[in-house]
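Report on the following structure.
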Amino acid sequence: MLKAAGVAAGAVGIGTALAPSPAAAAGTAYAHPGLLHTRADLDRMAAKVKAGAAPYTAGFARLTANRHSAGGWTANPQATVYRGSGSPQNYVTLYNDIHAAYQNALRGHVSGDSAHLDTAVAILNAWSAKLTSLEGSADRFLAAGLYGYQFANAAELVRDHGDFELGRFQDMLSNVFAPLSDSFLADHNGAVVTNYWPNWDLCALACVLATGIFCEDKVQVARAVDYFKNGEGMGSIKHAIPVVHDDGLAEWVEAGRDQGHALLGVGLMGTVCEMAWNQGIDLYGYDDSRFLKGAQYVAKWSMGGDVAYTANTRAKGAINGWSGSETATEAAGVNPAMQRPIWAMIANHYTKRRGMSATYVTRIAAQVAPEGGGGDYGPNSGGYDQLGFGTLAFTRDKAADTAASPRPAASASGATGGGSGAGAGSDSGAGARPQGGTATASASASPAADGDLAATGSDDVVGWTAAAGITAIAGGLLFLRRRDRVRREGGQ
């Protein structure tokens with residue numbers, strides 16, 4: 001179980017006096033579907049595609065063109081999945097099947113073709129009947145986090161299907177995935193708390209939150225929310241986004257590492273915020289919309305803009321073992337052509353639900369649209385780190401009330417939705433007044449890479465970076481990546 005204390009002295013530790021989520025505090029059940037997509041979201045997608053509305057049709061076309069969304073996909077479940085080490089390293093099978101389940105479930109809801117929902121159910125049932133453990137190197141924690149939150153999202157879309165083995169799937173998430181993510185957030189694999197960059201924490205956090213909601217475990221949800229705000233690791237919001245500048249941008253600490261990992265982190269934090277929002281918890285607006293300011297920073301930087309970076313030194317090593325440190329002195333070079341399907345969700349939340357300015361995020365979302373999903377961004381595991389299809393799933397009309405509080409969306413059956421849930425015909429939680437944040441601040445309005453974005457090694461290099469330190473990129477621009485930008489001392 002999680003034991004980490006808060007960020008600052010006096011912050012509430014995860015093991016003590018946790019503030020429950022709004023749904024838990026009210027004694028209400030969780031809303032279903034209510035992870036990345038609510039019933040209102042699914043109804044909106046289906047209606048817009050049927051009406052031939054842009055950009056939904058383009059987003060749906062990307063979904064139907066992806067081979068994973070084809071009906072009749074046959075699962076290949078394994079009893080033990082290995083990532084990083086072990087025999088055999090078979091996690092490729094797992095993430096391909098997860099994305100096939102998710103894409104078929106989404107396609108079935110949008111098209112009305114029940115055969116795709118049946119395919120998703122068959123994949124998910126096959127895995128819950130066989131998978132018993134995740135093994136490997138430290139990368140097993142990445143497998144638990146990334147594939148745990150994705151599995152939960154795929155299953156959430158078919159939880160009311162007559163053939164879906166809901167209880168068995170909940171057991172798999174609770175016994176195979178969540179314990180590893182819990183353990184990582186508590187003791188970080190026996191390492192000093194800053195040893196791992198933010199994306200490690202964030203994928204574990206996404207798994208704990210998604211599992212808590214899917215399994216209606218109020219304690220897990222409360223742990224996830226508290227860690228987001230107060231966790232000691234690099235993935236809590238004030239460690240991932242440590243400095244807010246006067247221009248309204250807030251630097252993303254992993255920009256000092258490389259672009260790919262920074263994009264992964266933004267996508268994961270956005271995923272956490274969206275899942276929480278759909279249960280009436282506003283993390284998007286927490287601490288004066290700090291996440292928006294960090295996302296704006298990464299968007300501007302990823303499009304080739306200049307951003308400030310405060311030198312950051314983090315301790316590395318194992319507790320009672322080797323030790324060292326690493327200092328990042330400036331933001332890494334970027335490739336403006338690098339794409340990840342993460343921006344539509346963030347842009348639509350802040351500009352459409354909240355009516356806020358998010359110029360850089362909106363601009364980069366337009367550049368990468370229509371967003372695809374797993375399999376569209378390279379064949380390696382990094383191309384499957386996000387579920388994607390945000391143009392289809394998250395494009396929305398502007399909310400009539402951008403100051404309304406977030407509310408759990410009504411469930412499909414009405415049996416499990418929170419008592420204050422929005423009606424099925426409305427946008428879930430349209431607009432929000434933050435719990436612990438403010439709704440009024442706005443970030444500044446100034447105007448596919450292969451590989452595993454959550455890779456273990458600290459020396460990972462994005463493929464487009466030239467060994468000489470100078471990279472030619474789209475449009476003939478040149479970006480200089482200084483070889484001394486990151487200094488490592490001591491350790492191994």
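Scheme for the structure tokens: letters A, B, ... for chains in order shown; per-chain residue numbers from 1; ligand numbers from 1 in order shown.
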Report as a tab-separated table: every residue of segment 281-360 of chain A with an atom at most 10 Å from segment 196-208 of chain A, its closest pair of atoms, and their distance in Å to one decimal, counting only C-alpha atoms, with rows sorted by chain and ascending residue number.
```
residue	atom	partner	partner_atom	distance
A:Arg314	CA	A:Tyr196	CA	9.4
A:Ala315	CA	A:Tyr196	CA	9.5
A:Lys316	CA	A:Tyr196	CA	7.9
A:Gly317	CA	A:Tyr196	CA	9.4
```
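Using only C-alpha atoms, the contacts of Ala58 of chain A at a cut-off of 8 Å, with sequence neighbours closer than 4 positions omitted, comprise Ala54, Arg62, Pro370 and Leu392 of chain A.
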Give the strand (DSSP E) residues of segment 197-345 of chain A, as assigned by DSSP on the backbone, as an MDAnalysis selection string.
chainID A and resid 243:244 250:251 312:317 323:328
Generate a file of the selected residues that holds C-alpha atoms, formatted as a tab-separated table (two decimals), in the first residue's frame.
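Written out: out-v3.tsv:
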```tsv
chain	number	residue	atom	x	y	z
A	243	VAL	CA	8.58	26.45	-11.72
A	244	VAL	CA	5.81	28.81	-12.86
A	250	ALA	CA	5.41	26.51	-16.21
A	251	GLU	CA	8.44	24.43	-17.03
A	312	ASN	CA	17.53	20.92	-11.93
A	313	THR	CA	19.66	18.49	-9.93
A	314	ARG	CA	18.11	15.27	-8.75
A	315	ALA	CA	19.56	12.60	-6.50
A	316	LYS	CA	19.86	9.12	-7.94
A	317	GLY	CA	20.64	5.70	-6.59
A	323	SER	CA	24.34	7.07	-5.07
A	324	GLY	CA	24.88	9.90	-7.48
A	325	SER	CA	23.21	12.90	-9.04
A	326	GLU	CA	22.17	14.27	-12.41
A	327	THR	CA	21.77	17.91	-13.41
A	328	ALA	CA	19.74	19.12	-16.38
```
One decimal, Å: what's the distance from atom CA of Pro336 of chain A over to atom CA of Ala365 of chain A, could you say?
12.5 Å
Nearest to Tyr147 of chain A: which of A:Asn96, A:Thr38, A:Ser236, A:Ser87 is it, counting only C-alpha atoms?
A:Asn96
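If you measure from each of A:Ala53, A:Met356, A:Leu157, A:Ala29 to His109 of chain A using only C-alpha atoms, the closest one turns out to be A:Leu157.
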Hey, what's within 7 Å of Met345 of chain A if we count only C-alpha atoms and toss same-chain stuff fewer than 4 positions away? As a short mmCIF file (atom, residue, chain, number, x, y, z; two decimals) with N, CA, C and O atoms, in the first residue's frame, please?
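Written output follows (result05.cif):
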```cif
data_model
loop_
_atom_site.label_atom_id
_atom_site.label_comp_id
_atom_site.auth_asym_id
_atom_site.auth_seq_id
_atom_site.Cartn_x
_atom_site.Cartn_y
_atom_site.Cartn_z
N HIS A 349 -10.60 20.43 -23.06
CA HIS A 349 -10.99 20.68 -21.67
C HIS A 349 -10.89 22.17 -21.34
O HIS A 349 -11.86 22.78 -20.86
N GLY A 390 -8.06 11.22 -29.90
CA GLY A 390 -8.62 12.35 -29.19
C GLY A 390 -9.48 13.26 -30.03
O GLY A 390 -10.42 13.88 -29.52
N PHE A 394 -12.65 13.63 -27.92
CA PHE A 394 -12.67 14.77 -27.00
C PHE A 394 -13.08 16.10 -27.62
O PHE A 394 -13.23 17.09 -26.90
#
```
So which bits of segment 187-384 of chain A end up alpha helix (DSSP H) when you DSSP the backbone, as number ranges by chain?
A: 187, 198-214, 218-230, 237-240, 259-277, 286-302, 343-348, 359-368
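Distance annotation: of A:Val110, A:Val298, A:Asn104, A:Leu142, the residue with the minimal separation from Lys48 of chain A is A:Val110; atom set is only C-alpha atoms.
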Residues of segment 235-268 of chain A that have any atom at most 10 Å from an atom of segment 378-385 of chain A: could you tabulate them with the shortest-distance atom pair and the distance in Å to one decimal, using only C-alpha atoms, ordered by chain and increasing number, as CSV?
```
residue,atom,partner,partner_atom,distance
A:Gly260,CA,A:Gly382,CA,8.9
A:His261,CA,A:Gly382,CA,9.6
A:Leu264,CA,A:Asp385,CA,7.4
A:Gly267,CA,A:Asp385,CA,8.9
A:Leu268,CA,A:Asp385,CA,8.7
```
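Compared by their closest atoms to Asn66 of chain A, and using only C-alpha atoms, the residues A:Arg107, A:His32, A:Lys398, A:Arg354 rank with A:Arg107 nearest.
Using only C-alpha atoms, the shortest contact distance between Asp376 of chain A and any of A:Gln296, A:Leu131, A:Gly321, A:Leu63 is found at A:Leu63.
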Within 12 Å of segment 271-281 of chain A, which residues of segment 147-177 of chain A show up? Give each one with its shortest atom-to-atom distance in Å (one decimal) and the two atoms involved, counting only C-alpha atoms, rows by chain then rising residue number, as a tab-separated table.
```
residue	atom	partner	partner_atom	distance
A:Tyr149	CA	A:Thr271	CA	9.3
A:Gln150	CA	A:Thr271	CA	10.2
A:Ala152	CA	A:Met275	CA	11.0
A:Asn153	CA	A:Met275	CA	9.4
A:Glu156	CA	A:Met275	CA	11.5
```
Just the selected residues (N, CA, C and O atoms), exported as a short mmCIF file (atom, residue, chain, number, x, y, z; two decimals), in the first residue's frame, please.
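Final output, again05.cif:
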```cif
data_model
loop_
_atom_site.label_atom_id
_atom_site.label_comp_id
_atom_site.auth_asym_id
_atom_site.auth_seq_id
_atom_site.Cartn_x
_atom_site.Cartn_y
_atom_site.Cartn_z
N TYR A 149 -3.80 1.01 -16.69
CA TYR A 149 -4.80 2.06 -16.93
C TYR A 149 -5.47 1.87 -18.28
O TYR A 149 -6.67 2.15 -18.45
N GLN A 150 -4.73 1.35 -19.28
CA GLN A 150 -5.32 1.13 -20.59
C GLN A 150 -6.32 -0.03 -20.55
O GLN A 150 -7.41 0.06 -21.15
N ALA A 152 -8.07 -1.00 -18.00
CA ALA A 152 -9.26 -0.53 -17.30
C ALA A 152 -10.15 0.30 -18.22
O ALA A 152 -11.39 0.17 -18.20
N ASN A 153 -9.55 1.13 -19.06
CA ASN A 153 -10.33 1.97 -19.97
C ASN A 153 -11.02 1.14 -21.03
O ASN A 153 -12.17 1.43 -21.39
N GLU A 156 -13.90 -0.62 -19.24
CA GLU A 156 -14.96 0.30 -18.83
C GLU A 156 -15.99 0.49 -19.93
O GLU A 156 -17.18 0.70 -19.66
#
```
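Candidate residues A:His245, A:Arg257, A:Arg159, A:His188 were compared for distance to Leu117 of chain A, and the nearest is A:Arg159, using only C-alpha atoms.
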Excluding Ala331 of chain A and residues on its chain fewer than 6 positions from it, collect all residues at most 9 Å away from it, counting only C-alpha atoms, and give them as a PyMOL selection string.
chain A and resi 253-259+301+306-310+481+485
Export of the given selection (all heavy atoms) as a short mmCIF file (atom, residue, chain, number, x, y, z; two decimals), in the first residue's frame:
```cif
data_model
loop_
_atom_site.label_atom_id
_atom_site.label_comp_id
_atom_site.auth_asym_id
_atom_site.auth_seq_id
_atom_site.Cartn_x
_atom_site.Cartn_y
_atom_site.Cartn_z
N VAL A 253 9.72 19.54 -15.94
CA VAL A 253 11.08 19.18 -15.57
C VAL A 253 11.71 18.21 -16.57
O VAL A 253 12.91 18.27 -16.85
CB VAL A 253 11.12 18.61 -14.13
CG1 VAL A 253 10.44 17.25 -14.05
CG2 VAL A 253 12.55 18.54 -13.62
N GLU A 254 10.92 17.33 -17.15
CA GLU A 254 11.48 16.33 -18.06
C GLU A 254 11.83 16.90 -19.42
O GLU A 254 12.41 16.21 -20.26
CB GLU A 254 10.55 15.12 -18.19
CG GLU A 254 11.30 13.85 -18.52
CD GLU A 254 10.59 12.59 -18.04
OE1 GLU A 254 9.49 12.66 -17.46
OE2 GLU A 254 11.18 11.51 -18.24
N ALA A 255 11.53 18.19 -19.65
CA ALA A 255 12.05 18.85 -20.85
C ALA A 255 13.57 18.90 -20.81
O ALA A 255 14.22 19.01 -21.84
CB ALA A 255 11.49 20.27 -20.97
N GLY A 256 14.14 18.81 -19.62
CA GLY A 256 15.58 18.73 -19.50
C GLY A 256 16.15 17.37 -19.86
O GLY A 256 17.37 17.20 -19.91
N ARG A 257 15.29 16.41 -20.12
CA ARG A 257 15.72 15.07 -20.52
C ARG A 257 15.62 14.93 -22.03
O ARG A 257 16.62 14.87 -22.72
CB ARG A 257 14.86 14.02 -19.82
CG ARG A 257 15.28 12.59 -20.12
CD ARG A 257 14.32 11.59 -19.48
NE ARG A 257 14.77 10.22 -19.66
CZ ARG A 257 14.06 9.14 -19.34
NH1 ARG A 257 12.85 9.29 -18.82
NH2 ARG A 257 14.54 7.93 -19.54
N ASP A 258 14.40 14.88 -22.55
CA ASP A 258 14.19 14.83 -23.99
C ASP A 258 12.72 15.06 -24.30
O ASP A 258 11.86 15.02 -23.41
CB ASP A 258 14.69 13.52 -24.62
CG ASP A 258 14.00 12.29 -24.07
OD1 ASP A 258 12.76 12.22 -24.11
OD2 ASP A 258 14.70 11.37 -23.60
N GLN A 259 12.43 15.31 -25.54
CA GLN A 259 11.08 15.66 -25.97
C GLN A 259 10.10 14.50 -25.82
O GLN A 259 8.96 14.68 -25.38
CB GLN A 259 11.11 16.14 -27.42
CG GLN A 259 9.77 16.61 -27.96
CD GLN A 259 9.85 16.94 -29.44
OE1 GLN A 259 10.87 16.69 -30.10
NE2 GLN A 259 8.79 17.52 -29.98
N TRP A 301 7.41 24.66 -26.63
CA TRP A 301 8.76 24.11 -26.81
C TRP A 301 8.78 23.06 -27.93
O TRP A 301 9.67 23.06 -28.78
CB TRP A 301 9.20 23.52 -25.48
CG TRP A 301 10.40 22.64 -25.47
CD1 TRP A 301 11.69 22.98 -25.77
CD2 TRP A 301 10.43 21.26 -25.07
NE1 TRP A 301 12.51 21.89 -25.58
CE2 TRP A 301 11.76 20.83 -25.16
CE3 TRP A 301 9.45 20.37 -24.64
CZ2 TRP A 301 12.15 19.53 -24.83
CZ3 TRP A 301 9.83 19.07 -24.31
CH2 TRP A 301 11.16 18.66 -24.42
N ASP A 306 11.18 29.09 -27.96
CA ASP A 306 12.14 29.22 -26.86
C ASP A 306 11.40 29.19 -25.53
O ASP A 306 10.37 29.86 -25.35
CB ASP A 306 12.92 30.53 -26.98
CG ASP A 306 13.86 30.55 -28.17
OD1 ASP A 306 14.33 29.46 -28.56
OD2 ASP A 306 14.12 31.64 -28.70
N VAL A 307 11.94 28.44 -24.58
CA VAL A 307 11.37 28.38 -23.24
C VAL A 307 12.49 28.46 -22.22
O VAL A 307 13.63 28.04 -22.48
CB VAL A 307 10.57 27.07 -23.02
CG1 VAL A 307 9.32 27.05 -23.87
CG2 VAL A 307 11.43 25.84 -23.29
N ALA A 308 12.18 29.00 -21.07
CA ALA A 308 13.15 29.06 -19.98
C ALA A 308 13.26 27.69 -19.32
O ALA A 308 12.32 26.89 -19.35
CB ALA A 308 12.71 30.09 -18.95
N TYR A 309 14.40 27.41 -18.72
CA TYR A 309 14.58 26.17 -17.98
C TYR A 309 15.50 26.43 -16.80
O TYR A 309 16.61 26.95 -16.97
CB TYR A 309 15.16 25.05 -18.85
CG TYR A 309 15.14 23.69 -18.18
CD1 TYR A 309 14.00 22.89 -18.27
CD2 TYR A 309 16.22 23.23 -17.44
CE1 TYR A 309 13.94 21.65 -17.65
CE2 TYR A 309 16.18 21.99 -16.81
CZ TYR A 309 15.03 21.20 -16.92
OH TYR A 309 14.99 19.97 -16.29
N THR A 310 15.04 26.11 -15.61
CA THR A 310 15.82 26.30 -14.41
C THR A 310 16.63 25.04 -14.14
O THR A 310 16.07 23.94 -14.12
CB THR A 310 14.90 26.57 -13.21
OG1 THR A 310 14.05 27.69 -13.52
CG2 THR A 310 15.71 26.86 -11.96
N ARG A 481 21.79 21.04 -29.80
CA ARG A 481 21.69 20.36 -28.52
C ARG A 481 23.07 20.29 -27.90
O ARG A 481 23.94 19.59 -28.39
CB ARG A 481 21.12 18.95 -28.69
CG ARG A 481 20.94 18.25 -27.34
CD ARG A 481 20.30 16.90 -27.50
NE ARG A 481 20.08 16.31 -26.19
CZ ARG A 481 19.55 15.10 -26.01
NH1 ARG A 481 19.19 14.39 -27.03
NH2 ARG A 481 19.39 14.63 -24.81
N ARG A 485 24.57 19.58 -21.67
CA ARG A 485 23.31 20.01 -21.07
C ARG A 485 22.99 19.20 -19.82
O ARG A 485 22.46 19.71 -18.86
CB ARG A 485 22.17 19.86 -22.09
CG ARG A 485 20.82 20.26 -21.55
CD ARG A 485 19.76 20.06 -22.61
NE ARG A 485 19.76 18.69 -23.09
CZ ARG A 485 19.17 17.67 -22.46
NH1 ARG A 485 18.60 17.87 -21.31
NH2 ARG A 485 19.20 16.47 -22.98
#
```
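When atom CA of Ala366 of chain A is paired with atom CA of Asp287 of chain A, their separation reads 27.0 Å.
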